[in-house]
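Colleague: Contents of protein-v2.tsv (TSV, C-alpha atoms) are given next:
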chain	number	residue	atom	x	y	z
A	1	MET	CA	-16.86	-2.26	-9.11
A	2	LEU	CA	-13.05	-2.25	-9.18
A	3	ALA	CA	-10.82	0.45	-10.66
A	4	ASN	CA	-8.00	-0.73	-12.92
A	5	ARG	CA	-5.42	1.82	-11.71
A	6	ASP	CA	-3.54	1.39	-14.99
A	7	LEU	CA	-1.35	4.46	-14.42
A	8	TYR	CA	0.18	3.01	-11.25
A	9	LEU	CA	0.20	-0.56	-12.47
A	10	ASN	CA	2.26	0.49	-15.49
A	11	ARG	CA	4.71	2.31	-13.22
A	12	LEU	CA	5.18	-0.90	-11.25
A	13	ILE	CA	5.63	-2.92	-14.40
A	14	GLN	CA	8.24	-0.48	-15.71
A	15	LYS	CA	10.26	-0.87	-12.50
A	16	LYS	CA	9.95	-4.64	-12.35
A	17	HIS	CA	13.29	-6.45	-12.05
A	18	ASN	CA	15.28	-3.27	-11.55
A	19	PRO	CA	17.83	-3.42	-8.69
A	20	TYR	CA	15.84	-1.18	-6.33
A	21	ILE	CA	13.33	-1.90	-3.60
A	22	LYS	CA	9.93	-0.82	-4.91
A	23	ILE	CA	8.25	1.25	-2.17
A	24	VAL	CA	4.53	1.91	-2.69
A	25	THR	CA	3.35	4.91	-0.67
A	26	GLY	CA	0.17	6.97	-0.33
A	27	VAL	CA	-2.52	7.86	2.17
A	28	ARG	CA	-4.28	5.01	3.92
A	29	ARG	CA	-7.11	3.32	2.01
A	30	CYS	CA	-6.06	4.79	-1.35
A	31	GLY	CA	-5.44	1.34	-2.83
A	32	LYS	CA	-1.79	0.44	-2.20
A	33	SER	CA	-2.49	-3.15	-1.15
A	34	PHE	CA	-5.03	-3.69	-3.93
A	35	LEU	CA	-2.53	-2.43	-6.49
A	36	LEU	CA	0.14	-4.89	-5.39
A	37	LYS	CA	-1.76	-7.93	-4.19
A	38	THR	CA	-4.49	-7.94	-6.83
A	39	LEU	CA	-3.60	-5.95	-9.94
A	40	PHE	CA	0.17	-6.54	-9.98
A	41	CYS	CA	-0.20	-10.22	-9.11
A	42	LYS	CA	-2.78	-10.60	-11.88
A	43	HIS	CA	-0.21	-9.13	-14.26
A	44	LEU	CA	2.44	-11.59	-13.07
A	45	TYR	CA	0.11	-14.57	-13.46
A	46	SER	CA	-0.69	-13.45	-17.01
A	47	LEU	CA	3.02	-13.79	-17.81
A	48	GLY	CA	3.13	-17.35	-16.52
A	49	VAL	CA	4.54	-16.62	-13.06
A	50	LEU	CA	3.54	-19.44	-10.71
A	51	GLU	CA	1.85	-18.96	-7.36
A	52	ASP	CA	4.84	-20.24	-5.40
A	53	GLN	CA	7.02	-17.54	-6.98
A	54	ILE	CA	4.98	-14.78	-5.31
A	55	ILE	CA	5.53	-14.42	-1.57
A	56	ILE	CA	2.95	-12.15	0.09
A	57	VAL	CA	3.27	-11.10	3.73
A	58	GLU	CA	0.39	-9.10	5.21
A	59	LEU	CA	1.82	-7.76	8.44
A	60	ASP	CA	-1.46	-6.21	9.60
A	61	ASP	CA	-2.99	-9.70	9.60
A	62	ASP	CA	-2.61	-11.62	12.88
A	63	ARG	CA	-1.74	-14.74	10.91
A	64	PHE	CA	1.61	-13.07	10.23
A	65	GLU	CA	2.10	-11.70	13.74
A	66	GLU	CA	5.35	-13.56	14.37
A	67	LEU	CA	6.80	-12.08	11.18
A	68	ARG	CA	6.69	-8.59	12.72
A	69	ASP	CA	10.09	-9.58	14.09
A	70	LYS	CA	12.67	-8.79	11.44
A	71	LYS	CA	14.65	-11.99	11.93
A	72	ASN	CA	11.53	-14.13	11.64
A	73	LEU	CA	10.47	-12.19	8.57
A	74	ARG	CA	13.74	-12.84	6.78
A	75	LYS	CA	13.81	-16.53	7.71
A	76	PHE	CA	10.24	-17.00	6.53
A	77	ILE	CA	10.80	-15.39	3.16
A	78	GLU	CA	14.10	-17.15	2.52
A	79	SER	CA	12.49	-20.50	3.42
A	80	LYS	CA	9.67	-19.88	0.94
A	81	ALA	CA	11.91	-18.51	-1.80
A	82	ASN	CA	14.76	-20.99	-1.63
A	83	ASP	CA	15.21	-22.08	-5.25
A	84	GLN	CA	18.01	-20.03	-6.79
A	85	SER	CA	16.90	-21.01	-10.29
A	86	LYS	CA	13.54	-19.23	-9.86
A	87	GLN	CA	12.59	-15.57	-9.96
A	88	TYR	CA	10.63	-14.57	-6.84
A	89	TYR	CA	8.41	-11.57	-6.19
A	90	ILE	CA	8.38	-10.52	-2.53
A	91	ILE	CA	5.38	-8.37	-1.50
A	92	ILE	CA	5.36	-7.09	2.08
A	93	ASP	CA	2.35	-5.05	3.18
A	94	GLU	CA	2.52	-2.57	6.11
A	95	ILE	CA	6.27	-2.91	6.64
A	96	GLN	CA	6.23	-0.24	9.38
A	97	MET	CA	4.93	-2.93	11.75
A	98	VAL	CA	8.48	-4.37	11.81
A	99	THR	CA	10.95	-2.48	14.01
A	100	ASP	CA	14.18	-1.43	12.28
A	101	PHE	CA	13.16	-3.17	9.08
A	102	GLU	CA	15.47	-1.32	6.67
A	103	GLY	CA	18.47	-3.63	6.94
A	104	THR	CA	16.31	-6.72	6.54
A	105	ILE	CA	14.61	-5.37	3.42
A	106	ILE	CA	17.93	-4.31	1.89
A	107	SER	CA	19.35	-7.75	2.66
A	108	LEU	CA	16.40	-9.49	0.99
A	109	ASN	CA	16.71	-7.22	-2.03
A	110	ASN	CA	20.36	-8.25	-2.37
A	111	HIS	CA	19.24	-11.73	-3.43
A	112	PRO	CA	19.73	-11.71	-7.20
A	113	ASN	CA	16.46	-13.60	-7.82
A	114	TYR	CA	14.27	-11.51	-5.46
A	115	ASP	CA	12.18	-8.59	-6.68
A	116	VAL	CA	11.02	-6.77	-3.53
A	117	TYR	CA	7.90	-4.61	-3.12
A	118	ILE	CA	6.75	-3.02	0.15
A	119	THR	CA	4.01	-0.70	1.39
A	120	GLY	CA	3.99	1.43	4.52
A	121	SER	CA	1.91	3.76	6.64
A	122	ASN	CA	2.07	7.52	6.15
A	123	SER	CA	2.71	7.95	9.88
A	124	LYS	CA	6.10	6.29	9.43
A	125	PHE	CA	6.79	6.39	5.73
A	126	LEU	CA	6.87	9.71	3.94
A	127	SER	CA	9.05	10.48	0.94
A	128	LYS	CA	11.74	12.08	3.08
A	129	ASP	CA	11.88	8.93	5.22
A	130	ILE	CA	12.54	6.82	2.15
A	131	SER	CA	15.47	8.96	1.05
A	132	THR	CA	16.90	8.81	4.59
A	133	ARG	CA	16.30	5.15	5.35
A	134	PHE	CA	17.06	3.57	1.99
A	135	LYS	CA	19.32	6.20	0.39
A	136	ASP	CA	19.94	4.88	-3.13
A	137	ARG	CA	18.46	1.42	-2.52
A	138	GLY	CA	14.76	2.22	-2.94
A	139	VAL	CA	12.46	3.80	-5.51
A	140	GLU	CA	9.07	5.27	-4.57
A	141	ILE	CA	5.82	4.65	-6.41
A	142	ARG	CA	3.39	7.12	-4.88
A	143	ILE	CA	-0.28	6.52	-5.51
A	144	HIS	CA	-3.30	8.70	-4.89
A	145	PRO	CA	-7.03	8.16	-4.51
A	146	LEU	CA	-9.01	7.73	-7.72
A	147	SER	CA	-8.73	10.52	-10.23
A	148	TYR	CA	-11.98	11.73	-11.73
A	149	ALA	CA	-11.21	9.79	-14.91
A	150	GLU	CA	-10.79	6.57	-12.90
A	151	TYR	CA	-13.89	7.32	-10.86
A	152	TYR	CA	-15.97	8.07	-13.95
A	153	GLU	CA	-14.81	4.91	-15.69
A	154	THR	CA	-16.09	2.72	-12.85
A	155	TYR	CA	-19.15	4.77	-11.85
A	156	GLU	CA	-22.25	2.55	-12.08
A	157	GLY	CA	-24.96	5.16	-11.69
A	158	ASP	CA	-26.19	7.81	-14.10
A	159	LYS	CA	-22.99	9.34	-15.48
A	160	HIS	CA	-24.56	12.81	-15.29
A	161	PHE	CA	-24.23	12.64	-11.49
A	162	ALA	CA	-20.66	11.34	-11.42
A	163	LEU	CA	-18.91	14.71	-11.18
A	164	ASN	CA	-21.18	15.97	-8.42
A	165	GLU	CA	-20.61	12.84	-6.34
A	166	TYR	CA	-16.86	12.96	-6.95
A	167	LEU	CA	-16.68	16.60	-5.83
A	168	THR	CA	-18.80	15.80	-2.76
A	169	PHE	CA	-17.20	12.56	-1.57
A	170	GLY	CA	-13.81	12.37	-3.31
A	171	GLY	CA	-12.07	9.39	-4.84
A	172	MET	CA	-11.36	6.87	-2.08
A	173	PRO	CA	-11.72	3.50	-3.84
A	174	TYR	CA	-13.98	1.92	-1.22
A	175	LEU	CA	-16.69	4.48	-2.00
A	176	LEU	CA	-17.35	2.61	-5.25
A	177	ASN	CA	-18.91	-0.11	-3.09
A	178	GLU	CA	-21.34	2.26	-1.38
A	179	GLN	CA	-24.42	3.63	-3.10
A	180	ASP	CA	-26.00	5.25	-0.05
A	181	GLU	CA	-24.81	8.82	0.63
A	182	VAL	CA	-25.19	8.42	4.40
A	183	GLU	CA	-22.92	5.37	4.34
A	184	LYS	CA	-20.39	7.20	2.20
A	185	MET	CA	-20.27	10.06	4.68
A	186	ARG	CA	-20.01	7.65	7.61
A	187	TYR	CA	-17.08	5.89	5.95
A	188	LEU	CA	-15.22	9.16	5.32
A	189	THR	CA	-15.90	10.42	8.84
A	190	ASN	CA	-14.57	7.21	10.37
A	191	LEU	CA	-11.56	7.32	8.06
A	192	ILE	CA	-10.66	10.82	9.24
A	193	ASN	CA	-11.35	10.24	12.93
A	194	GLN	CA	-9.96	6.73	13.33
A	195	THR	CA	-7.19	6.61	10.74
A	196	TYR	CA	-5.85	9.94	9.50
A	197	LEU	CA	-5.86	11.68	12.87
A	198	THR	CA	-4.10	8.66	14.36
A	199	ASP	CA	-1.39	8.95	11.69
A	200	VAL	CA	-0.87	12.65	12.44
A	201	ILE	CA	-0.69	11.98	16.18
A	202	GLU	CA	1.83	9.15	15.74
A	203	ARG	CA	3.89	11.05	13.19
A	204	ASN	CA	4.29	14.11	15.38
A	205	ASN	CA	4.37	12.38	18.79
A	206	ILE	CA	1.42	14.46	19.99
A	207	ARG	CA	0.84	13.72	23.67
A	208	LEU	CA	-2.54	15.41	24.10
A	209	SER	CA	-4.18	13.21	21.51
A	210	GLU	CA	-7.76	13.62	22.70
A	211	GLU	CA	-7.49	17.41	22.76
A	212	PHE	CA	-5.88	17.41	19.32
A	213	SER	CA	-8.63	15.22	17.89
A	214	ALA	CA	-11.34	17.42	19.38
A	215	LEU	CA	-9.69	20.51	17.91
A	216	CYS	CA	-9.49	18.95	14.42
A	217	ILE	CA	-13.06	17.68	14.47
A	218	CYS	CA	-14.30	21.13	15.43
Represent the supplied structure as structure tokens.
Modeller:
Amino acid sequence: MLANRDLYLNRLIQKKHNPYIKIVTGVRRCGKSFLLKTLFCKHLYSLGVLEDQIIIVELDDDRFEELRDKKNLRKFIESKANDQSKQYYIIIDEIQMVTDFEGTIISLNNHPNYDVYITGSNSKFLSKDISTRFKDRGVEIRIHPLSYAEYYETYEGDKHFALNEYLTFGGMPYLLNEQDEVEKMRYLTNLINQTYLTDVIERNNIRLSEEFSALCIC
């Protein structure tokens, strides 16, 4: 079952074609990529936008490894979006994997027929980073895990149990795919241990990472 995320989709739609870089932020696994690559693209297709007008770069995918170099990234996008008579939508996922990416993204956004959307990791990309790195060139769309209303709308079990499960396990979108409580808990545990703690360690340059992780788990 997939959540529609209409609140955030409408925010993206409202900012479409404005002169700013659209920067989608939020904790890992809260649905940033799904919002852009699935829901927003579906919206664009419904308006008649063609597939070749949407350029998607997934930097956490090894198929795009060479594009983690900012010069290669710019050349790739400009080669794919080279018709000045067309409107292009540039979607770059996990931009923090490119070193010193700000100038490249600003340069791409300066193309009059490019509408640029990016996502980034919380370890590198908090709201204060956006204001520092992009100044007045970017606008943030911050998304959160599923609200209870979103969770309830997509809940496939007996609705009487929806609130209890939401209070127990929270609103991470992937949980909609898991019916078993043990698997839900395993997913959340792995998410904390392997993802969120890593973000905190990277963000704060913690050298004693193993000790820090042990302290948090306790």
Colleague: Using only C-alpha atoms, which of the listed residues (A:Leu73, A:Ala81, A:Val27, A:Met172) sits closest to Met185 of chain A?
Modeller: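 Of A:Leu73, A:Ala81, A:Val27, A:Met172, the one nearest Met185 of chain A is A:Met172, counting only C-alpha atoms.
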Colleague: Nearest to Tyr117 of chain A: which of A:Ser46, A:Ile92, A:Ile55, A:Gly138 is it, counting all atoms listed in the file?
Modeller: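 Once distances to Tyr117 of chain A are computed over all atoms listed in the file, the minimum belongs to A:Ile92.
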Colleague: Check the smallest atom-to-atom distance from each of A:Met97, A:Glu183, A:Leu167, A:Lys42 to Arg68 of chain A using all atoms listed in the file, then report the winner.
Modeller: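 Result for the nearest residue to Arg68 of chain A: A:Met97.
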Colleague: Kindly give the distance, in Å, that separates atom CA of Leu7 of chain A and atom CA of Tyr166 of chain A, rounded to a single decimal.
Modeller: 19.2 Å
Colleague: Name the closest residue to Thr25 of chain A among the candidates A:Pro145, A:Pro173, A:Gly120, A:Gly157; distances are taken between atoms, counting all atoms listed in the file.
Modeller: A:Gly120
